[in-house]
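Enquirer: Next up, query_15.txt (compact mmCIF, C-alpha atoms and all ligand atoms).
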# COMPACT_ATOMS: atom_id res chain seq x y z
CA MET A 1 84.66 112.78 110.45
CA THR A 2 85.16 116.34 111.55
CA ASN A 3 88.11 116.31 113.95
CA PHE A 4 91.75 115.44 113.48
CA GLN A 5 91.45 113.43 116.72
CA ASP A 6 88.97 111.07 114.99
CA TYR A 7 91.76 109.65 112.87
CA ASN A 8 94.55 107.53 114.25
CA PHE A 9 97.20 110.17 113.74
CA ASP A 10 100.31 109.92 115.87
CA GLU A 11 100.76 112.39 118.71
CA GLU A 12 103.61 114.09 116.86
CA ILE A 13 101.34 114.85 113.93
CA LEU A 14 98.44 116.09 116.07
CA LYS A 15 100.88 118.32 117.90
CA ALA A 16 102.20 119.70 114.59
CA LEU A 17 98.66 120.40 113.32
CA ASP A 18 97.91 122.18 116.55
CA LYS A 19 101.03 124.28 116.15
CA LEU A 20 100.00 125.10 112.57
CA GLY A 21 96.66 126.30 113.96
CA TYR A 22 94.66 123.70 112.04
CA GLN A 23 91.66 122.98 114.26
CA LYS A 24 89.67 120.68 112.02
CA PRO A 25 90.01 119.13 108.56
CA THR A 26 88.64 121.06 105.59
CA SER A 27 86.09 119.30 103.36
CA VAL A 28 88.63 118.15 100.83
CA GLN A 29 90.79 116.83 103.66
CA SER A 30 88.04 114.75 105.26
CA GLU A 31 87.21 113.33 101.84
CA LEU A 32 90.76 112.45 100.83
CA PHE A 33 92.09 111.10 104.16
CA PRO A 34 90.11 107.82 104.10
CA LEU A 35 90.95 107.19 100.44
CA LEU A 36 94.68 107.54 101.06
CA PHE A 37 94.45 105.41 104.21
CA SER A 38 92.87 102.65 102.12
CA HIS A 39 95.47 103.12 99.35
CA GLN A 40 93.07 104.27 96.66
CA ASP A 41 93.94 106.46 93.71
CA ALA A 42 92.08 109.77 93.68
CA ILE A 43 91.40 112.75 91.46
CA VAL A 44 90.70 115.87 93.52
CA LYS A 45 89.10 118.94 92.07
CA SER A 46 88.63 121.89 94.38
CA LYS A 47 89.34 125.55 94.28
CA THR A 48 92.51 127.25 95.41
CA GLY A 49 92.73 127.67 99.17
CA SER A 50 90.66 124.60 100.07
CA GLY A 51 93.58 122.85 101.78
CA LYS A 52 94.66 120.34 99.14
CA THR A 53 98.29 120.22 100.28
CA ALA A 54 97.51 119.02 103.78
CA ALA A 55 94.82 116.73 102.32
CA PHE A 56 97.51 114.50 100.83
CA ALA A 57 100.40 115.46 103.11
CA ILE A 58 98.89 114.53 106.49
CA PRO A 59 97.86 110.92 105.72
CA ILE A 60 100.96 110.24 103.62
CA ILE A 61 103.28 111.47 106.38
CA GLN A 62 101.31 109.40 108.90
CA MET A 63 101.84 106.27 106.74
CA LEU A 64 105.60 106.70 106.07
CA ASP A 65 107.96 103.92 107.01
CA TRP A 66 110.54 105.75 109.15
CA SER A 67 113.14 103.03 108.70
CA VAL A 68 113.41 103.50 104.93
CA ARG A 69 116.20 105.86 103.87
CA THR A 70 115.25 106.52 100.22
CA PRO A 71 112.20 108.49 99.00
CA GLN A 72 108.79 106.89 99.53
CA VAL A 73 106.86 109.82 98.13
CA LEU A 74 107.24 111.81 94.92
CA VAL A 75 105.27 115.05 94.66
CA LEU A 76 105.38 116.78 91.28
CA THR A 77 104.56 120.47 91.06
CA PRO A 78 104.50 122.78 88.02
CA THR A 79 106.75 125.47 89.53
CA ARG A 80 109.64 125.92 91.91
CA GLU A 81 107.57 128.27 94.07
CA LEU A 82 104.91 125.63 94.53
CA ALA A 83 107.53 122.94 95.22
CA LEU A 84 108.92 125.11 98.02
CA GLN A 85 105.45 125.86 99.35
CA VAL A 86 104.49 122.19 99.47
CA ARG A 87 107.84 121.31 100.98
CA GLU A 88 107.33 123.92 103.70
CA GLU A 89 103.90 122.63 104.66
CA MET A 90 105.07 119.00 104.67
CA PHE A 91 108.06 119.99 106.78
CA HIS A 92 105.75 121.62 109.34
CA ILE A 93 103.38 118.65 109.47
CA GLY A 94 106.29 116.24 109.95
CA ARG A 95 108.49 118.43 112.13
CA TYR A 96 108.14 116.27 115.27
CA LYS A 97 108.81 113.13 113.21
CA ARG A 98 112.08 114.53 111.90
CA LEU A 99 110.67 114.32 108.40
CA LYS A 100 113.11 114.99 105.59
CA VAL A 101 111.63 116.57 102.45
CA GLU A 102 113.95 117.31 99.55
CA PRO A 103 113.01 120.00 97.00
CA ILE A 104 114.24 119.29 93.47
CA TYR A 105 114.03 121.94 90.77
CA GLY A 106 116.13 123.47 88.02
CA GLN A 107 118.40 126.51 87.85
CA VAL A 108 120.23 125.52 91.02
CA SER A 109 123.24 123.24 91.54
CA TYR A 110 122.61 119.71 90.34
CA LYS A 111 125.54 118.39 92.38
CA ALA A 112 124.17 119.80 95.62
CA GLN A 113 120.83 118.07 94.97
CA GLU A 114 122.59 114.85 94.08
CA LYS A 115 124.40 114.98 97.41
CA GLN A 116 121.18 115.68 99.32
CA LEU A 117 119.48 112.77 97.58
CA GLN A 118 122.17 110.45 98.93
CA GLN A 119 121.16 111.38 102.48
CA ARG A 120 118.11 110.03 104.28
CA THR A 121 115.09 111.41 102.39
CA HIS A 122 111.43 110.56 102.96
CA ILE A 123 109.78 112.77 100.37
CA VAL A 124 110.89 114.44 97.14
CA VAL A 125 108.94 117.49 95.98
CA GLY A 126 110.01 118.68 92.58
CA THR A 127 109.35 120.06 89.15
CA PRO A 128 109.26 117.55 86.28
CA GLY A 129 112.32 118.71 84.28
CA ARG A 130 114.90 118.40 87.05
CA VAL A 131 113.32 115.29 88.56
CA LEU A 132 113.60 113.64 85.14
CA ASP A 133 117.25 114.75 84.89
CA HIS A 134 117.97 112.94 88.15
CA ILE A 135 116.13 109.85 86.93
CA GLU A 136 118.07 109.81 83.66
CA GLN A 137 121.41 110.36 85.43
CA GLY A 138 120.60 107.69 87.99
CA THR A 139 121.01 110.15 90.85
CA ILE A 140 117.60 109.56 92.42
CA ASP A 141 116.48 106.24 93.86
CA LEU A 142 112.79 105.65 93.22
CA SER A 143 112.80 101.99 94.17
CA GLU A 144 110.88 102.61 97.41
CA ILE A 145 108.23 104.97 96.02
CA GLU A 146 104.76 104.20 97.38
CA TYR A 147 102.92 107.49 96.79
CA VAL A 148 102.91 109.79 93.79
CA VAL A 149 101.18 113.16 93.92
CA ILE A 150 100.56 115.41 90.91
CA ASP A 151 99.76 118.84 92.30
CA GLU A 152 98.15 121.63 90.27
CA ALA A 153 97.70 119.31 87.30
CA ASP A 154 96.01 122.02 85.23
CA GLU A 155 99.08 124.27 85.60
CA MET A 156 101.34 121.31 84.89
CA PHE A 157 99.68 120.74 81.54
CA ALA A 158 99.37 124.46 80.75
CA ILE A 159 103.14 124.78 81.11
CA GLY A 160 103.64 121.76 78.86
CA PHE A 161 105.05 119.22 81.30
CA GLU A 162 102.84 116.41 80.06
CA GLU A 163 105.59 114.42 78.38
CA GLN A 164 108.00 114.73 81.30
CA VAL A 165 105.31 113.65 83.75
CA ASN A 166 104.59 110.61 81.58
CA ASP A 167 108.30 109.75 81.41
CA ILE A 168 108.65 110.08 85.18
CA LEU A 169 105.64 107.87 85.87
CA ASP A 170 106.85 105.31 83.32
CA SER A 171 110.16 105.07 85.16
CA ILE A 172 108.61 104.13 88.51
CA THR A 173 108.48 100.36 88.68
CA THR A 174 107.07 99.92 92.19
CA PRO A 175 103.30 99.85 92.70
CA TYR A 176 102.19 103.22 94.00
CA VAL A 177 99.10 105.10 95.11
CA MET A 178 98.50 108.14 92.94
CA THR A 179 96.71 111.36 93.89
CA LEU A 180 96.11 114.12 91.37
CA LEU A 181 94.94 117.56 92.47
CA SER A 182 93.69 120.40 90.35
CA ALA A 183 91.49 123.47 90.39
CA THR A 184 90.09 122.50 86.98
CA LEU A 185 90.02 119.29 84.96
CA ASN A 186 90.32 118.75 81.22
CA GLN A 187 90.68 115.92 78.75
CA ASN A 188 94.48 115.80 78.93
CA ILE A 189 94.38 115.40 82.68
CA GLU A 190 91.72 112.73 82.45
CA GLN A 191 93.82 110.85 79.91
CA LEU A 192 96.79 110.86 82.26
CA CYS A 193 94.57 109.54 85.05
CA LYS A 194 93.20 106.82 82.81
CA ARG A 195 96.70 105.73 81.88
CA TYR A 196 98.28 105.72 85.33
CA MET A 197 95.51 105.30 87.86
CA ASP A 198 93.74 102.23 89.05
CA ASN A 199 89.99 102.84 89.26
CA PRO A 200 90.36 106.32 90.83
CA THR A 201 87.79 107.93 93.08
CA TYR A 202 86.74 111.38 92.02
CA ILE A 203 86.41 114.06 94.70
CA GLU A 204 84.90 117.43 93.94
CA VAL A 205 84.50 120.02 96.67
CA GLU A 206 82.78 123.30 96.02
CA GLN A 207 83.09 125.25 99.26
CA ASP A 208 86.02 125.68 101.64
CA SER A 209 84.98 123.71 104.70
P1 LIG B 1 95.02 124.57 97.89
O1 LIG B 1 96.15 123.69 97.53
O2 LIG B 1 93.70 123.88 97.85
O3 LIG B 1 95.02 125.86 97.10
P2 LIG B 1 96.47 124.95 100.34
O4 LIG B 1 96.81 123.54 100.62
O5 LIG B 1 97.54 125.80 99.77
O6 LIG B 1 95.18 125.03 99.40
O7 LIG B 1 95.89 125.58 101.70
C1 LIG B 1 95.42 126.91 101.78
C2 LIG B 1 95.70 127.48 103.16
O8 LIG B 1 94.91 126.83 104.13
C3 LIG B 1 97.13 127.33 103.59
O9 LIG B 1 97.56 128.52 104.18
C4 LIG B 1 97.08 126.23 104.64
O10 LIG B 1 98.10 126.36 105.58
C5 LIG B 1 95.72 126.40 105.23
N1 LIG B 1 95.09 125.15 105.77
C6 LIG B 1 95.16 123.92 105.23
N2 LIG B 1 94.45 123.03 105.96
C7 LIG B 1 93.92 123.71 107.00
C8 LIG B 1 93.08 123.35 108.12
N3 LIG B 1 92.64 122.11 108.29
N4 LIG B 1 92.73 124.34 108.97
C9 LIG B 1 93.16 125.60 108.80
N5 LIG B 1 93.95 126.01 107.78
C10 LIG B 1 94.33 125.09 106.87
MG MG B 2 97.56 123.58 96.14
Step by step, read the file and then write its structure as structure tokens.

Expert:
Amino acid sequence: MTNFQDYNFDEEILKALDKLGYQKPTSVQSELFPLLFSHQDAIVKSKTGSGKTAAFAIPIIQMLDWSVRTPQVLVLTPTRELALQVREEMFHIGRYKRLKVEPIYGQVSYKAQEKQLQQRTHIVVGTPGRVLDHIEQGTIDLSEIEYVVIDEADEMFAIGFEEQVNDILDSITTPYVMTLLSATLNQNIEQLCKRYMDNPTYIEVEQDS
């Protein structure tokens, strides 16, 4: 499908995409949307700038249960900058839904984050170290998680977050759909996918749109 109108997105989401100036889905978006809508795990390899954030963000936001008050989505990013960037884009896509996205990363007040996490939160976007701190301290409720996204997996492993990512995934006891995105793939990433994904579909997109 080549238009956002071809999917059953709510008016609020179509309006937000229009405001963002997104006229039609990029290739990676039209490939990932149907997989997420049918709750399938996916490994996405495409180059920087191909629109991977919106590829997972749009369908996941469309599928949120707005009556649930604790996080339904956990997005892990290798850096604080990326966490903020993903948070920003998700915020814009969900702006007319009153979407609440909480960024969680280190070197800022733990207490303030703890307080935010007690408020209504739909999505947590964070770096592995601080997310794991909240899990270990019992200050994040992951009992409603339905979607897990590992963004920039190659960077994640390059930085050395492999063990923390494993520990985080091990601590989630609900069944969840997992999406992993990366510009490049390697054996470590494939091993993680093998361990945590259920028969994933592999998407590789070469050009932008
Ligand atoms: P990637 O994660 O693949 O590097 P991003 O998700 O950061 O790519 O997207 C790259 C840029 O493209 C961002 O500025 C984003 O706002 C923009 N973008 C994403 N989807 C679309 C779309 N469907 N139409 C136009 N621009 C888009
Ligand atoms: Mg990206």

Enquirer: Neighbouring residues of Glu88 in chain A were defined as those with any atom within 10 Å, considering only C-alpha atoms; residues of the same chain fewer than 5 positions away were excluded. Please report them as an MDAnalysis selection string.

Expert: chainID A and resid 82:83 93:94 101 103

Enquirer: Once you have the residues from the selection above, write them out as a PDB file, keeping the file's coordinate frame, restricted to C-alpha atoms.

Expert:
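This is the output file result-v2.pdb:
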ATOM      1  CA  LEU A  82     104.910 125.630  94.530  1.00  0.00           C
ATOM      2  CA  ALA A  83     107.530 122.940  95.220  1.00  0.00           C
ATOM      3  CA  ILE A  93     103.380 118.650 109.470  1.00  0.00           C
ATOM      4  CA  GLY A  94     106.290 116.240 109.950  1.00  0.00           C
ATOM      5  CA  VAL A 101     111.630 116.570 102.450  1.00  0.00           C
ATOM      6  CA  PRO A 103     113.010 120.000  97.000  1.00  0.00           C
TER       7      PRO A 103
END

Enquirer: Kindly compile the residues surrounding ligand MG 2 (chain B) within 12 Å, counting all atoms listed in the file, and format them as JSON, numbers by chain.

Expert: {"A": [28, 44, 45, 46, 47, 48, 49, 50, 51, 52, 53, 54, 55, 56, 57, 75, 76, 77, 78, 79, 81, 82, 83, 84, 85, 86, 87, 89, 149, 150, 151, 152, 153, 154, 155, 180, 181, 182, 183, 184]}

Enquirer: Between CA of Tyr202 in chain A and CA of Ser143 in chain A, what distance in Å does the model show, to one decimal?

Expert: 27.8 Å

Enquirer: How far is it from CA of Ile168 in chain A to CA of Gln40 in chain A, in Å with one decimal?

Expert: 20.2 Å

Enquirer: Smallest atom-to-atom distance to ligand LIG 1 (chain B): which of A:Thr2, A:Thr174, A:Thr70, A:Gln191, using all atoms listed in the file?

Expert: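 Checking each candidate against ligand LIG 1 (chain B), we get A:Thr2 as the closest.
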
Enquirer: Work out where the centre of an axis-aligned box around every listed atom of range 97-114 of chain A lies and how long its edges are once 3 Å is added on each side; give both in Å to one decimal as AutoDock Vina command-line options.

Expert:
--center_x 117.2 --center_y 119.8 --center_z 100.5 --size_x 22.7 --size_y 19.4 --size_z 31.4

Enquirer: How far is it from CA of Met63 in chain A to CA of Asp18 in chain A, in Å with one decimal?

Expert: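 Separation between CA of Met63 in chain A and CA of Asp18 in chain A: 19.1 Å.
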
Enquirer: My list of candidates is A:Ala158, A:Val177, A:Leu20, A:Ile123. Which is closest to ligand LIG 1 (chain B) when distances are computed with all atoms listed in the file?

Expert: A:Leu20

Enquirer: For Lys111 in chain A, find every residue with an atom within 12 Å (counting only C-alpha atoms), except residues of its own chain fewer than 6 positions away, and show them as a list in words.

Expert: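 My list of contacting residues is Ile104, Leu117, Gln118, Arg130, Asp133, His134, Gln137, Thr139 and Ile140 of chain A.
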
Enquirer: Restricting the calculation to all atoms listed in the file, which member of A:Asn166, A:Lys100, A:Thr26, A:Ser67 is positioned closest to ligand LIG 1 (chain B)?

Expert: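 When distances to ligand LIG 1 (chain B) are compared using all atoms listed in the file, the smallest one comes from A:Thr26.
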
Enquirer: I need the residue nearest His92 in chain A from this list: A:His39, A:Ile145, A:Gln29, A:Ile58. Use only C-alpha atoms for the distance.

Expert: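 Smallest separation from His92 in chain A among the options: A:Ile58.
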
Enquirer: Which residue is closest to ligand LIG 1 (chain B)? Choose from A:Met90, A:Leu74, A:Val124, A:Met197 and count all atoms listed in the file.

Expert: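 With all atoms listed in the file as the atom set, the closest residue is A:Met90.
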
Enquirer: Which residue, A:Gln23, A:Ser30, A:Asn8, A:Asn186, has the smallest gap to ligand LIG 1 (chain B) when you use all atoms listed in the file?

Expert: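 For ligand LIG 1 (chain B), the nearest of the given residues is A:Gln23.
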
Enquirer: Distance cut-off 12 Å, centre (115.1, 112.7, 85.1) in file coordinates, counting only C-alpha atoms: which residues qualify? Return them as an NGL selection string.

Expert: :A and (104-106 or 110 or 114 or 126-142 or 163-172)

Enquirer: Next, the residues of the selection above should be written as a PDB file, in the frame of the given file with C-alpha atoms.

Expert:
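This is the output file part.pdb:
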ATOM      1  CA  ILE A 104     114.240 119.290  93.470  1.00  0.00           C
ATOM      2  CA  TYR A 105     114.030 121.940  90.770  1.00  0.00           C
ATOM      3  CA  GLY A 106     116.130 123.470  88.020  1.00  0.00           C
ATOM      4  CA  TYR A 110     122.610 119.710  90.340  1.00  0.00           C
ATOM      5  CA  GLU A 114     122.590 114.850  94.080  1.00  0.00           C
ATOM      6  CA  GLY A 126     110.010 118.680  92.580  1.00  0.00           C
ATOM      7  CA  THR A 127     109.350 120.060  89.150  1.00  0.00           C
ATOM      8  CA  PRO A 128     109.260 117.550  86.280  1.00  0.00           C
ATOM      9  CA  GLY A 129     112.320 118.710  84.280  1.00  0.00           C
ATOM     10  CA  ARG A 130     114.900 118.400  87.050  1.00  0.00           C
ATOM     11  CA  VAL A 131     113.320 115.290  88.560  1.00  0.00           C
ATOM     12  CA  LEU A 132     113.600 113.640  85.140  1.00  0.00           C
ATOM     13  CA  ASP A 133     117.250 114.750  84.890  1.00  0.00           C
ATOM     14  CA  HIS A 134     117.970 112.940  88.150  1.00  0.00           C
ATOM     15  CA  ILE A 135     116.130 109.850  86.930  1.00  0.00           C
ATOM     16  CA  GLU A 136     118.070 109.810  83.660  1.00  0.00           C
ATOM     17  CA  GLN A 137     121.410 110.360  85.430  1.00  0.00           C
ATOM     18  CA  GLY A 138     120.600 107.690  87.990  1.00  0.00           C
ATOM     19  CA  THR A 139     121.010 110.150  90.850  1.00  0.00           C
ATOM     20  CA  ILE A 140     117.600 109.560  92.420  1.00  0.00           C
ATOM     21  CA  ASP A 141     116.480 106.240  93.860  1.00  0.00           C
ATOM     22  CA  LEU A 142     112.790 105.650  93.220  1.00  0.00           C
ATOM     23  CA  GLU A 163     105.590 114.420  78.380  1.00  0.00           C
ATOM     24  CA  GLN A 164     108.000 114.730  81.300  1.00  0.00           C
ATOM     25  CA  VAL A 165     105.310 113.650  83.750  1.00  0.00           C
ATOM     26  CA  ASN A 166     104.590 110.610  81.580  1.00  0.00           C
ATOM     27  CA  ASP A 167     108.300 109.750  81.410  1.00  0.00           C
ATOM     28  CA  ILE A 168     108.650 110.080  85.180  1.00  0.00           C
ATOM     29  CA  LEU A 169     105.640 107.870  85.870  1.00  0.00           C
ATOM     30  CA  ASP A 170     106.850 105.310  83.320  1.00  0.00           C
ATOM     31  CA  SER A 171     110.160 105.070  85.160  1.00  0.00           C
ATOM     32  CA  ILE A 172     108.610 104.130  88.510  1.00  0.00           C
TER      33      ILE A 172
END
